[in-house]
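Undergrad: Please read through the structure below; I'll follow up with questions.
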Amino acid sequence: MVTETQIQAARRNQITPEMEFVARRENLSPEIIRAEVAIGRMVIPANRVHLAGKLEPMAIGIAATCKINANIGNSAVTSRVGEELEKLHTAVHFGADTVMDLSTGKDIDNIRRGIIESSPVPIGTVPIYQMLEELGGHIEDMRPQHFLDMVEHQAKQGVDYMTIHCGVLLEHLHLTTNRVTGIVSRGGSLIAKWMMVHRKQNPLYEHFNDLCDIMRQYDVTWSLGDGLRPGSIADASDAAQFAELDTLGELVVKGWEQGTQVMVEGPGHIPMDQIQMNIERQIEVCHGAPFYVLGPLVTDIAPGYDHITSAIGAAMAGMYGAAMLCYVTPKEHLGLPNREDVKQGVIAYKISAHSADVARKRPGVQDRDDALSRARFSFDWNEQFRLSLDPETAKAYHDETLPQDTFKSAHFCSMCGPKYCSMKITEEIREMAKAETLVKLN
């Protein structure tokens with residue numbers, strides 16, 4: 001097996017087939033892609049095993065369009081492989097750029113195998129979840145080799161990127177004691193418990209080089225986990241969060257030195273006035289490595305609507321330089337999402353990412369907005385539906401009150417009716433102005 005990673009090839013001034021594919025998708029030159037990968041500002045999550053299957057290479061980085069990730073996976077309470085494949089199809093259909101399998105229940109290997117075999121987008125995981133399941137839920141029984149073996153097992157399956165919580169250190173834990181919501185990262189809390197039980201340093205931090213060896217062999221991209229991320233806006237931007245971030249900045253450099261691709265995960269709950277500072281601080285501390293943010297939620301008062309509260313923060317984060325946004329569904333904090341929750345989360349985040357790209361003036365991104373606006377003004381209802389993120393829902397809303405085909409060419413909708421439609425009135429004004437001009441010319 002060839003063991004050169006995308007970043008190693010880029011540093012040798014080699015443009016790989018994956019870089020060429022990404023360049024076409026991003027409407028950028030292959031040389032820009034190569035240069036961004038070489039300096040670590042862009043990653044192409046593409047495990048060689050998955051590349052041999054259905055994977056279509058994509059890029060995450062500040063020079064690329066803003067990406068979104070959808071989380072799926074079963075739990076000990078519910079879900080089977082068929083349900084997860086349905087969620088995968090839904091996520092990809094509505095525009096997820098990557099999907100994370102966060103399964104924590106039974107039959108994890110079979111579920112992941114099905115997901116990877118079926119997925120054209122990169123698949124991410126959090127290896128500690130499956131390792132914990134195999135240990136019967138007792139994290140204190142973990143030995144470093146348990147974790148190394150699980151990372152290698154998942155790499156062999158074809159996982160493209162992995163969230164590993166290497167930056168949570170023993171000396172950071174006391175900084176969380178006065179938090180409102182403590183340690184909310186599942187992986188972070190598990191590592192914290194292991195360290196407290198054994199009174200030893202984080203074994204994932206101490207075995208970082210060993211982990212790099214595995215990641216490099218399969219070209220698995222690091223997603224350095226933010227195990228001490230805030231779980232409420234009250235805890236945002238605190239000493240614990242930034243102590244871990246400083247450690248992640250050190251690990252970014254070590255990962256690059258070992259020839260691995262690296263991105264960094266970011267906070268989940270941040271009030272609006274702190275988002276820009278958080279993004280800019282991460283970019284500085286982590287030397288420009290792509291930032292993958294979890295939300296962030298800008299308020300904590302809306303259980304059942306956190307796909308909205310987080311999409312607000314996500315759009316801002318993308319505008320300020322986040323490279324990928326991890327979606328939140330309406331079920332966040334409440335339960336395991338189903339297919340409809342996945343759809344709602346993906347669409348909310350496609351809006352966020354697209355809005356961020358428009359704000360950052362990515363070439364050609366606004367073309368779809370402008371085309372839909374022209375269709376709206378010309379009352380081309382079918383074209384409006386076609387250009388929508390969710391054509392079926394757009395059409396269904398229109399058809400609730402005006403279902404007949406004749407209304408697909410009507411110059412009004414049920415909100416304003418035929419006499420109060422501002423765009424119809426504007427058309428009439430323009431016709432009047434045109435007529436007056438012709439009279440004056442004659």
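How things are named: the first chain in the structure tokens is A, the next is B, and so on; residues count from 1 in each chain; ligands count from 1 in the order shown.
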Residues at most 12 Å from Ile283 of chain A, counting only C-alpha atoms, excluding those fewer than 2 positions away in the same chain, as a PDB file with all heavy atoms, in the first residue's frame?
TA:
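Contents of around-v2.pdb, as written:
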ATOM      1  N   GLY A  40      -1.190  23.155   5.359  1.00  0.00           N
ATOM      2  CA  GLY A  40      -2.087  22.703   6.419  1.00  0.00           C
ATOM      3  C   GLY A  40      -3.360  23.492   6.569  1.00  0.00           C
ATOM      4  O   GLY A  40      -4.138  23.233   7.485  1.00  0.00           O
ATOM      5  N   ARG A  41      -3.597  24.458   5.663  1.00  0.00           N
ATOM      6  CA  ARG A  41      -4.829  25.251   5.764  1.00  0.00           C
ATOM      7  C   ARG A  41      -6.022  24.548   5.131  1.00  0.00           C
ATOM      8  O   ARG A  41      -7.140  25.041   5.205  1.00  0.00           O
ATOM      9  CB  ARG A  41      -4.638  26.621   5.105  1.00  0.00           C
ATOM     10  CG  ARG A  41      -4.070  27.677   6.016  1.00  0.00           C
ATOM     11  CD  ARG A  41      -4.401  29.068   5.521  1.00  0.00           C
ATOM     12  NE  ARG A  41      -4.030  29.281   4.148  1.00  0.00           N
ATOM     13  CZ  ARG A  41      -3.114  30.157   3.750  1.00  0.00           C
ATOM     14  NH1 ARG A  41      -2.467  30.880   4.643  1.00  0.00           N
ATOM     15  NH2 ARG A  41      -2.858  30.321   2.461  1.00  0.00           N
ATOM     16  N   GLY A  61     -11.400  23.797   4.214  1.00  0.00           N
ATOM     17  CA  GLY A  61     -10.364  24.795   4.436  1.00  0.00           C
ATOM     18  C   GLY A  61     -10.864  26.176   4.094  1.00  0.00           C
ATOM     19  O   GLY A  61     -11.884  26.344   3.409  1.00  0.00           O
ATOM     20  N   ILE A  62     -10.150  27.182   4.533  1.00  0.00           N
ATOM     21  CA  ILE A  62     -10.588  28.561   4.395  1.00  0.00           C
ATOM     22  C   ILE A  62     -10.686  28.984   2.929  1.00  0.00           C
ATOM     23  O   ILE A  62     -11.483  29.859   2.581  1.00  0.00           O
ATOM     24  CB  ILE A  62      -9.642  29.506   5.177  1.00  0.00           C
ATOM     25  CG1 ILE A  62     -10.226  30.922   5.258  1.00  0.00           C
ATOM     26  CG2 ILE A  62      -8.256  29.516   4.562  1.00  0.00           C
ATOM     27  CD1 ILE A  62     -11.497  31.008   6.061  1.00  0.00           C
ATOM     28  N   LEU A 245      -7.283  24.570  23.957  1.00  0.00           N
ATOM     29  CA  LEU A 245      -6.979  25.086  22.625  1.00  0.00           C
ATOM     30  C   LEU A 245      -5.477  25.276  22.434  1.00  0.00           C
ATOM     31  O   LEU A 245      -4.928  24.967  21.373  1.00  0.00           O
ATOM     32  CB  LEU A 245      -7.722  26.407  22.391  1.00  0.00           C
ATOM     33  CG  LEU A 245      -7.507  27.052  21.021  1.00  0.00           C
ATOM     34  CD1 LEU A 245      -8.041  26.160  19.902  1.00  0.00           C
ATOM     35  CD2 LEU A 245      -8.165  28.429  20.964  1.00  0.00           C
ATOM     36  N   ASP A 246      -4.801  25.776  23.464  1.00  0.00           N
ATOM     37  CA  ASP A 246      -3.348  25.953  23.371  1.00  0.00           C
ATOM     38  C   ASP A 246      -2.650  24.607  23.139  1.00  0.00           C
ATOM     39  O   ASP A 246      -1.698  24.516  22.356  1.00  0.00           O
ATOM     40  CB  ASP A 246      -2.815  26.616  24.641  1.00  0.00           C
ATOM     41  CG  ASP A 246      -3.225  28.079  24.759  1.00  0.00           C
ATOM     42  OD1 ASP A 246      -3.573  28.681  23.728  1.00  0.00           O
ATOM     43  OD2 ASP A 246      -3.189  28.615  25.885  1.00  0.00           O
ATOM     44  N   LEU A 248      -4.036  21.994  21.699  1.00  0.00           N
ATOM     45  CA  LEU A 248      -4.369  21.577  20.337  1.00  0.00           C
ATOM     46  C   LEU A 248      -3.472  22.284  19.321  1.00  0.00           C
ATOM     47  O   LEU A 248      -3.092  21.688  18.302  1.00  0.00           O
ATOM     48  CB  LEU A 248      -5.847  21.853  20.033  1.00  0.00           C
ATOM     49  CG  LEU A 248      -6.861  21.084  20.887  1.00  0.00           C
ATOM     50  CD1 LEU A 248      -8.285  21.429  20.465  1.00  0.00           C
ATOM     51  CD2 LEU A 248      -6.624  19.587  20.800  1.00  0.00           C
ATOM     52  N   GLY A 249      -3.136  23.543  19.581  1.00  0.00           N
ATOM     53  CA  GLY A 249      -2.228  24.249  18.687  1.00  0.00           C
ATOM     54  C   GLY A 249      -0.875  23.569  18.596  1.00  0.00           C
ATOM     55  O   GLY A 249      -0.276  23.479  17.515  1.00  0.00           O
ATOM     56  N   VAL A 252      -1.313  20.337  16.510  1.00  0.00           N
ATOM     57  CA  VAL A 252      -1.417  20.601  15.070  1.00  0.00           C
ATOM     58  C   VAL A 252      -0.038  20.523  14.425  1.00  0.00           C
ATOM     59  O   VAL A 252       0.169  19.846  13.410  1.00  0.00           O
ATOM     60  CB  VAL A 252      -2.057  21.988  14.807  1.00  0.00           C
ATOM     61  CG1 VAL A 252      -1.833  22.414  13.356  1.00  0.00           C
ATOM     62  CG2 VAL A 252      -3.549  21.958  15.111  1.00  0.00           C
ATOM     63  N   MET A 263      -7.366  18.875  11.203  1.00  0.00           N
ATOM     64  CA  MET A 263      -8.303  19.970  11.455  1.00  0.00           C
ATOM     65  C   MET A 263      -8.635  19.959  12.940  1.00  0.00           C
ATOM     66  O   MET A 263      -8.310  19.004  13.660  1.00  0.00           O
ATOM     67  CB  MET A 263      -9.560  19.867  10.585  1.00  0.00           C
ATOM     68  CG  MET A 263     -10.412  18.645  10.771  1.00  0.00           C
ATOM     69  SD  MET A 263     -11.847  18.718   9.635  1.00  0.00           S
ATOM     70  CE  MET A 263     -12.531  17.074   9.874  1.00  0.00           C
ATOM     71  N   VAL A 264      -9.242  21.042  13.405  1.00  0.00           N
ATOM     72  CA  VAL A 264      -9.447  21.245  14.836  1.00  0.00           C
ATOM     73  C   VAL A 264     -10.914  21.546  15.103  1.00  0.00           C
ATOM     74  O   VAL A 264     -11.522  22.364  14.397  1.00  0.00           O
ATOM     75  CB  VAL A 264      -8.574  22.411  15.358  1.00  0.00           C
ATOM     76  CG1 VAL A 264      -8.813  22.650  16.845  1.00  0.00           C
ATOM     77  CG2 VAL A 264      -7.097  22.137  15.085  1.00  0.00           C
ATOM     78  N   GLU A 265     -11.473  20.887  16.113  1.00  0.00           N
ATOM     79  CA  GLU A 265     -12.881  21.124  16.463  1.00  0.00           C
ATOM     80  C   GLU A 265     -13.008  22.289  17.428  1.00  0.00           C
ATOM     81  O   GLU A 265     -12.107  22.569  18.220  1.00  0.00           O
ATOM     82  CB  GLU A 265     -13.494  19.857  17.064  1.00  0.00           C
ATOM     83  CG  GLU A 265     -13.588  18.728  16.056  1.00  0.00           C
ATOM     84  CD  GLU A 265     -14.333  17.528  16.593  1.00  0.00           C
ATOM     85  OE1 GLU A 265     -14.953  17.625  17.658  1.00  0.00           O
ATOM     86  OE2 GLU A 265     -14.272  16.472  15.922  1.00  0.00           O
ATOM     87  N   GLY A 266     -14.175  22.950  17.346  1.00  0.00           N
ATOM     88  CA  GLY A 266     -14.369  24.160  18.136  1.00  0.00           C
ATOM     89  C   GLY A 266     -15.638  24.167  18.952  1.00  0.00           C
ATOM     90  O   GLY A 266     -16.419  23.214  18.907  1.00  0.00           O
ATOM     91  N   GLN A 276     -16.663  35.915  16.757  1.00  0.00           N
ATOM     92  CA  GLN A 276     -15.526  36.374  15.951  1.00  0.00           C
ATOM     93  C   GLN A 276     -14.215  36.173  16.693  1.00  0.00           C
ATOM     94  O   GLN A 276     -13.229  35.679  16.125  1.00  0.00           O
ATOM     95  CB  GLN A 276     -15.693  37.843  15.567  1.00  0.00           C
ATOM     96  CG  GLN A 276     -14.555  38.358  14.689  1.00  0.00           C
ATOM     97  CD  GLN A 276     -14.756  39.797  14.242  1.00  0.00           C
ATOM     98  OE1 GLN A 276     -15.728  40.462  14.641  1.00  0.00           O
ATOM     99  NE2 GLN A 276     -13.869  40.309  13.407  1.00  0.00           N
ATOM    100  N   MET A 277     -14.189  36.537  17.977  1.00  0.00           N
ATOM    101  CA  MET A 277     -12.971  36.382  18.770  1.00  0.00           C
ATOM    102  C   MET A 277     -12.550  34.919  18.843  1.00  0.00           C
ATOM    103  O   MET A 277     -11.362  34.593  18.701  1.00  0.00           O
ATOM    104  CB  MET A 277     -13.202  36.927  20.182  1.00  0.00           C
ATOM    105  CG  MET A 277     -12.023  36.748  21.138  1.00  0.00           C
ATOM    106  SD  MET A 277     -12.052  35.147  22.027  1.00  0.00           S
ATOM    107  CE  MET A 277     -13.461  35.386  23.108  1.00  0.00           C
ATOM    108  N   ASN A 278     -13.514  34.010  19.024  1.00  0.00           N
ATOM    109  CA  ASN A 278     -13.191  32.588  19.115  1.00  0.00           C
ATOM    110  C   ASN A 278     -12.598  32.060  17.812  1.00  0.00           C
ATOM    111  O   ASN A 278     -11.614  31.312  17.831  1.00  0.00           O
ATOM    112  CB  ASN A 278     -14.446  31.787  19.483  1.00  0.00           C
ATOM    113  CG  ASN A 278     -14.612  31.617  20.968  1.00  0.00           C
ATOM    114  OD1 ASN A 278     -14.153  30.634  21.545  1.00  0.00           O
ATOM    115  ND2 ASN A 278     -15.264  32.586  21.620  1.00  0.00           N
ATOM    116  N   ILE A 279     -13.181  32.434  16.686  1.00  0.00           N
ATOM    117  CA  ILE A 279     -12.681  31.959  15.398  1.00  0.00           C
ATOM    118  C   ILE A 279     -11.276  32.489  15.149  1.00  0.00           C
ATOM    119  O   ILE A 279     -10.359  31.740  14.772  1.00  0.00           O
ATOM    120  CB  ILE A 279     -13.617  32.388  14.248  1.00  0.00           C
ATOM    121  CG1 ILE A 279     -15.038  31.847  14.465  1.00  0.00           C
ATOM    122  CG2 ILE A 279     -13.050  31.931  12.906  1.00  0.00           C
ATOM    123  CD1 ILE A 279     -15.149  30.357  14.502  1.00  0.00           C
ATOM    124  N   GLU A 280     -11.087  33.769  15.363  1.00  0.00           N
ATOM    125  CA  GLU A 280      -9.784  34.375  15.098  1.00  0.00           C
ATOM    126  C   GLU A 280      -8.717  33.841  16.042  1.00  0.00           C
ATOM    127  O   GLU A 280      -7.562  33.642  15.632  1.00  0.00           O
ATOM    128  CB  GLU A 280      -9.889  35.900  15.206  1.00  0.00           C
ATOM    129  CG  GLU A 280     -10.737  36.495  14.074  1.00  0.00           C
ATOM    130  CD  GLU A 280     -10.972  37.984  14.225  1.00  0.00           C
ATOM    131  OE1 GLU A 280     -10.634  38.537  15.309  1.00  0.00           O
ATOM    132  OE2 GLU A 280     -11.502  38.606  13.271  1.00  0.00           O
ATOM    133  N   ARG A 281      -9.093  33.568  17.289  1.00  0.00           N
ATOM    134  CA  ARG A 281      -8.121  33.020  18.233  1.00  0.00           C
ATOM    135  C   ARG A 281      -7.718  31.602  17.821  1.00  0.00           C
ATOM    136  O   ARG A 281      -6.538  31.240  17.899  1.00  0.00           O
ATOM    137  CB  ARG A 281      -8.702  33.022  19.647  1.00  0.00           C
ATOM    138  CG  ARG A 281      -7.726  32.540  20.716  1.00  0.00           C
ATOM    139  CD  ARG A 281      -8.183  32.972  22.084  1.00  0.00           C
ATOM    140  NE  ARG A 281      -7.300  32.492  23.137  1.00  0.00           N
ATOM    141  CZ  ARG A 281      -7.357  32.910  24.399  1.00  0.00           C
ATOM    142  NH1 ARG A 281      -8.250  33.834  24.753  1.00  0.00           N
ATOM    143  NH2 ARG A 281      -6.524  32.425  25.308  1.00  0.00           N
ATOM    144  N   VAL A 285      -3.938  30.430  17.124  1.00  0.00           N
ATOM    145  CA  VAL A 285      -3.315  29.433  17.999  1.00  0.00           C
ATOM    146  C   VAL A 285      -3.007  28.141  17.241  1.00  0.00           C
ATOM    147  O   VAL A 285      -1.995  27.490  17.494  1.00  0.00           O
ATOM    148  CB  VAL A 285      -4.229  29.143  19.215  1.00  0.00           C
ATOM    149  CG1 VAL A 285      -3.721  27.954  20.024  1.00  0.00           C
ATOM    150  CG2 VAL A 285      -4.324  30.384  20.105  1.00  0.00           C
ATOM    151  N   CYS A 286      -3.880  27.777  16.311  1.00  0.00           N
ATOM    152  CA  CYS A 286      -3.723  26.506  15.579  1.00  0.00           C
ATOM    153  C   CYS A 286      -3.105  26.700  14.201  1.00  0.00           C
ATOM    154  O   CYS A 286      -3.219  25.824  13.333  1.00  0.00           O
ATOM    155  CB  CYS A 286      -5.066  25.792  15.488  1.00  0.00           C
ATOM    156  SG  CYS A 286      -5.687  25.266  17.105  1.00  0.00           S
ATOM    157  N   HIS A 287      -2.475  27.842  13.985  1.00  0.00           N
ATOM    158  CA  HIS A 287      -1.627  28.067  12.811  1.00  0.00           C
ATOM    159  C   HIS A 287      -2.379  27.896  11.492  1.00  0.00           C
ATOM    160  O   HIS A 287      -1.813  27.453  10.499  1.00  0.00           O
ATOM    161  CB  HIS A 287      -0.423  27.115  12.852  1.00  0.00           C
ATOM    162  CG  HIS A 287       0.216  27.015  14.207  1.00  0.00           C
ATOM    163  ND1 HIS A 287       1.012  28.012  14.735  1.00  0.00           N
ATOM    164  CD2 HIS A 287       0.144  26.054  15.160  1.00  0.00           C
ATOM    165  CE1 HIS A 287       1.415  27.657  15.947  1.00  0.00           C
ATOM    166  NE2 HIS A 287       0.890  26.480  16.237  1.00  0.00           N
ATOM    167  N   GLY A 288      -3.649  28.276  11.502  1.00  0.00           N
ATOM    168  CA  GLY A 288      -4.435  28.238  10.274  1.00  0.00           C
ATOM    169  C   GLY A 288      -5.058  26.903   9.933  1.00  0.00           C
ATOM    170  O   GLY A 288      -5.700  26.773   8.882  1.00  0.00           O
ATOM    171  N   ALA A 289      -4.880  25.890  10.775  1.00  0.00           N
ATOM    172  CA  ALA A 289      -5.524  24.593  10.510  1.00  0.00           C
ATOM    173  C   ALA A 289      -7.035  24.782  10.412  1.00  0.00           C
ATOM    174  O   ALA A 289      -7.616  25.589  11.139  1.00  0.00           O
ATOM    175  CB  ALA A 289      -5.194  23.602  11.627  1.00  0.00           C
ATOM    176  N   PRO A 290      -7.711  24.069   9.513  1.00  0.00           N
ATOM    177  CA  PRO A 290      -9.158  24.247   9.347  1.00  0.00           C
ATOM    178  C   PRO A 290      -9.905  24.087  10.667  1.00  0.00           C
ATOM    179  O   PRO A 290      -9.617  23.180  11.453  1.00  0.00           O
ATOM    180  CB  PRO A 290      -9.537  23.132   8.362  1.00  0.00           C
ATOM    181  CG  PRO A 290      -8.282  22.859   7.605  1.00  0.00           C
ATOM    182  CD  PRO A 290      -7.167  23.057   8.581  1.00  0.00           C
ATOM    183  N   PHE A 291     -10.871  24.981  10.885  1.00  0.00           N
ATOM    184  CA  PHE A 291     -11.645  24.996  12.124  1.00  0.00           C
ATOM    185  C   PHE A 291     -13.017  24.398  11.845  1.00  0.00           C
ATOM    186  O   PHE A 291     -13.729  24.826  10.934  1.00  0.00           O
ATOM    187  CB  PHE A 291     -11.787  26.431  12.614  1.00  0.00           C
ATOM    188  CG  PHE A 291     -12.141  26.575  14.063  1.00  0.00           C
ATOM    189  CD1 PHE A 291     -12.030  25.525  14.961  1.00  0.00           C
ATOM    190  CD2 PHE A 291     -12.586  27.794  14.561  1.00  0.00           C
ATOM    191  CE1 PHE A 291     -12.348  25.664  16.295  1.00  0.00           C
ATOM    192  CE2 PHE A 291     -12.903  27.955  15.898  1.00  0.00           C
ATOM    193  CZ  PHE A 291     -12.787  26.900  16.765  1.00  0.00           C
ATOM    194  N   TYR A 292     -13.400  23.404  12.634  1.00  0.00           N
ATOM    195  CA  TYR A 292     -14.638  22.644  12.478  1.00  0.00           C
ATOM    196  C   TYR A 292     -15.474  22.912  13.727  1.00  0.00           C
ATOM    197  O   TYR A 292     -15.190  22.360  14.787  1.00  0.00           O
ATOM    198  CB  TYR A 292     -14.257  21.168  12.307  1.00  0.00           C
ATOM    199  CG  TYR A 292     -15.345  20.135  12.437  1.00  0.00           C
ATOM    200  CD1 TYR A 292     -16.665  20.408  12.127  1.00  0.00           C
ATOM    201  CD2 TYR A 292     -15.021  18.835  12.839  1.00  0.00           C
ATOM    202  CE1 TYR A 292     -17.636  19.435  12.236  1.00  0.00           C
ATOM    203  CE2 TYR A 292     -15.977  17.851  12.945  1.00  0.00           C
ATOM    204  CZ  TYR A 292     -17.290  18.154  12.643  1.00  0.00           C
ATOM    205  OH  TYR A 292     -18.249  17.173  12.757  1.00  0.00           O
ATOM    206  N   ALA A 317     -19.981  32.081  12.407  1.00  0.00           N
ATOM    207  CA  ALA A 317     -18.688  31.407  12.468  1.00  0.00           C
ATOM    208  C   ALA A 317     -18.118  31.207  11.068  1.00  0.00           C
ATOM    209  O   ALA A 317     -16.924  31.434  10.826  1.00  0.00           O
ATOM    210  CB  ALA A 317     -18.829  30.066  13.185  1.00  0.00           C
ATOM    211  N   TYR A 320     -16.711  34.388   9.642  1.00  0.00           N
ATOM    212  CA  TYR A 320     -15.447  34.822  10.228  1.00  0.00           C
ATOM    213  C   TYR A 320     -14.290  33.857   9.960  1.00  0.00           C
ATOM    214  O   TYR A 320     -13.163  34.143  10.339  1.00  0.00           O
ATOM    215  CB  TYR A 320     -15.616  35.033  11.730  1.00  0.00           C
ATOM    216  CG  TYR A 320     -16.471  36.234  12.066  1.00  0.00           C
ATOM    217  CD1 TYR A 320     -17.599  36.111  12.880  1.00  0.00           C
ATOM    218  CD2 TYR A 320     -16.162  37.485  11.559  1.00  0.00           C
ATOM    219  CE1 TYR A 320     -18.392  37.209  13.184  1.00  0.00           C
ATOM    220  CE2 TYR A 320     -16.960  38.586  11.848  1.00  0.00           C
ATOM    221  CZ  TYR A 320     -18.066  38.442  12.664  1.00  0.00           C
ATOM    222  OH  TYR A 320     -18.850  39.545  12.964  1.00  0.00           O
ATOM    223  N   GLY A 321     -14.561  32.709   9.322  1.00  0.00           N
ATOM    224  CA  GLY A 321     -13.447  31.864   8.927  1.00  0.00           C
ATOM    225  C   GLY A 321     -13.513  30.405   9.311  1.00  0.00           C
ATOM    226  O   GLY A 321     -12.559  29.661   9.057  1.00  0.00           O
ATOM    227  N   ALA A 322     -14.616  29.937   9.924  1.00  0.00           N
ATOM    228  CA  ALA A 322     -14.749  28.499  10.183  1.00  0.00           C
ATOM    229  C   ALA A 322     -14.844  27.770   8.855  1.00  0.00           C
ATOM    230  O   ALA A 322     -15.520  28.213   7.926  1.00  0.00           O
ATOM    231  CB  ALA A 322     -15.975  28.214  11.035  1.00  0.00           C
ATOM    232  N   ALA A 323     -14.171  26.619   8.750  1.00  0.00           N
ATOM    233  CA  ALA A 323     -14.114  25.895   7.482  1.00  0.00           C
ATOM    234  C   ALA A 323     -15.235  24.869   7.347  1.00  0.00           C
ATOM    235  O   ALA A 323     -15.636  24.538   6.238  1.00  0.00           O
ATOM    236  CB  ALA A 323     -12.766  25.200   7.346  1.00  0.00           C
TER     237      ALA A 323
END
Undergrad: Write out as JSON lines the residues of segment 44-120 of chain A that have any atom within 8 Å of an atom of segment 214-219 of chain A, one row each with the nearest atom pair and its distance in Å to one decimal, counting only C-alpha atoms, sorted by chain and then rising number.
TA:
{"residue": "A:Pro45", "atom": "CA", "partner": "A:Asp219", "partner_atom": "CA", "distance": 7.7}
{"residue": "A:Ala46", "atom": "CA", "partner": "A:Asp219", "partner_atom": "CA", "distance": 6.7}
{"residue": "A:Asn47", "atom": "CA", "partner": "A:Asp219", "partner_atom": "CA", "distance": 5.3}
{"residue": "A:Arg48", "atom": "CA", "partner": "A:Tyr218", "partner_atom": "CA", "distance": 5.8}
{"residue": "A:Val49", "atom": "CA", "partner": "A:Tyr218", "partner_atom": "CA", "distance": 7.5}
Undergrad: I'd like to know which of A:Leu190, A:Cys212, A:Leu389, A:Ile139 is closest to Trp256 of chain A, using only C-alpha atoms.
TA: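 Smallest separation from Trp256 of chain A among the options: A:Cys212.
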Undergrad: Taking the DSSP secondary structure from the backbone, can you list the residues of segment 229-320 of chain A that are alpha helix (DSSP H), as number ranges by chain?
TA: A: 239-257, 272-285, 306-320
Undergrad: Counting only C-alpha atoms, what is within 6 Å of segment 63-75 of chain A, bar same-chain residues fewer than 3 positions away, as a PyMOL selection string?
TA: chain A and resi 78-79+96-105+323-327+353
Undergrad: Taking 3 positions as the minimum chain separation for residues in the same chain, which residues sit within 10 Å of segment 335-344 of chain A when counting only C-alpha atoms? Answer as an NGL selection string.
TA: :A and (70-75 or 77-79 or 83-96 or 304 or 307-308 or 327-332 or 347-350 or 390)
Undergrad: Near Ala10 of chain A, within 8 Å and counting only C-alpha atoms, which residues show up once chain neighbours fewer than 2 positions away are dropped, as a list in words?
TA: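 Near neighbours after the sequence-gap exclusion: Gln6, Ile7, Gln8, Arg12, Asn13, Gln14, Ile15, Thr16, Arg34, Ala35, Val37 and Ala38 of chain A.
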Undergrad: Please dump the current selection as a JSON list (two decimals), in the first residue's frame; keep N, CA, C and O atoms.
TA:
[["chain", "number", "residue", "atom", "x", "y", "z"],
["A", 6, "GLN", "N", -1.92, 13.05, 1.58],
["A", 6, "GLN", "CA", -2.15, 14.23, 0.73],
["A", 6, "GLN", "C", -1.19, 15.36, 1.10],
["A", 6, "GLN", "O", -0.65, 16.03, 0.22],
["A", 7, "ILE", "N", -0.95, 15.57, 2.38],
["A", 7, "ILE", "CA", -0.07, 16.68, 2.78],
["A", 7, "ILE", "C", 1.38, 16.38, 2.40],
["A", 7, "ILE", "O", 2.13, 17.29, 2.01],
["A", 8, "GLN", "N", 1.79, 15.13, 2.48],
["A", 8, "GLN", "CA", 3.14, 14.78, 2.08],
["A", 8, "GLN", "C", 3.33, 14.98, 0.58],
["A", 8, "GLN", "O", 4.36, 15.51, 0.13],
["A", 12, "ARG", "N", 5.69, 17.87, -1.63],
["A", 12, "ARG", "CA", 6.64, 17.52, -2.68],
["A", 12, "ARG", "C", 6.25, 18.17, -4.01],
["A", 12, "ARG", "O", 6.78, 17.82, -5.07],
["A", 13, "ASN", "N", 5.31, 19.11, -3.95],
["A", 13, "ASN", "CA", 4.81, 19.80, -5.14],
["A", 13, "ASN", "C", 4.08, 18.87, -6.10],
["A", 13, "ASN", "O", 3.98, 19.16, -7.29],
["A", 14, "GLN", "N", 3.54, 17.78, -5.57],
["A", 14, "GLN", "CA", 2.77, 16.85, -6.40],
["A", 14, "GLN", "C", 1.28, 17.16, -6.28],
["A", 14, "GLN", "O", 0.75, 17.28, -5.18],
["A", 15, "ILE", "N", 0.62, 17.27, -7.41],
["A", 15, "ILE", "CA", -0.83, 17.44, -7.43],
["A", 15, "ILE", "C", -1.45, 16.07, -7.64],
["A", 15, "ILE", "O", -1.29, 15.45, -8.70],
["A", 16, "THR", "N", -2.13, 15.57, -6.63],
["A", 16, "THR", "CA", -2.73, 14.24, -6.69],
["A", 16, "THR", "C", -4.04, 14.26, -7.46],
["A", 16, "THR", "O", -4.64, 15.33, -7.66],
["A", 34, "ARG", "N", -3.23, 22.42, -3.96],
["A", 34, "ARG", "CA", -1.97, 21.81, -3.49],
["A", 34, "ARG", "C", -1.28, 22.69, -2.46],
["A", 34, "ARG", "O", -0.84, 22.21, -1.41],
["A", 35, "ALA", "N", -1.21, 23.99, -2.74],
["A", 35, "ALA", "CA", -0.52, 24.91, -1.83],
["A", 35, "ALA", "C", -1.22, 24.99, -0.47],
["A", 35, "ALA", "O", -0.56, 25.02, 0.58],
["A", 37, "VAL", "N", -3.16, 22.65, 0.92],
["A", 37, "VAL", "CA", -2.95, 21.38, 1.62],
["A", 37, "VAL", "C", -1.53, 21.33, 2.18],
["A", 37, "VAL", "O", -1.31, 20.88, 3.31],
["A", 38, "ALA", "N", -0.57, 21.80, 1.41],
["A", 38, "ALA", "CA", 0.83, 21.72, 1.82],
["A", 38, "ALA", "C", 1.11, 22.49, 3.11],
["A", 38, "ALA", "O", 1.90, 22.04, 3.96]]
Undergrad: Excluding Leu175 of chain A and any residue of its chain fewer than 5 positions from it, enumerate the residues within 9 Å of it, using only C-alpha atoms, and give them as a PyMOL selection string.
TA: chain A and resi 238-241+243
Undergrad: Please dump the current selection as a short mmCIF file (atom, residue, chain, number, x, y, z; two decimals), in the first residue's frame; keep N, CA and C atoms.
TA:
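What ended up in out.cif:
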data_model
loop_
_atom_site.label_atom_id
_atom_site.label_comp_id
_atom_site.auth_asym_id
_atom_site.auth_seq_id
_atom_site.Cartn_x
_atom_site.Cartn_y
_atom_site.Cartn_z
N ASP A 238 -13.95 30.27 28.43
CA ASP A 238 -13.36 30.25 29.77
C ASP A 238 -11.95 29.68 29.73
N ALA A 239 -11.34 29.61 30.89
CA ALA A 239 -9.93 29.19 30.98
C ALA A 239 -9.75 27.75 30.52
N ALA A 240 -10.71 26.88 30.84
CA ALA A 240 -10.59 25.47 30.44
C ALA A 240 -10.59 25.33 28.93
N GLN A 241 -11.52 26.00 28.27
CA GLN A 241 -11.62 25.93 26.82
C GLN A 241 -10.32 26.38 26.15
N ALA A 243 -7.28 26.70 27.55
CA ALA A 243 -6.12 25.89 27.92
C ALA A 243 -6.01 24.69 26.98
#
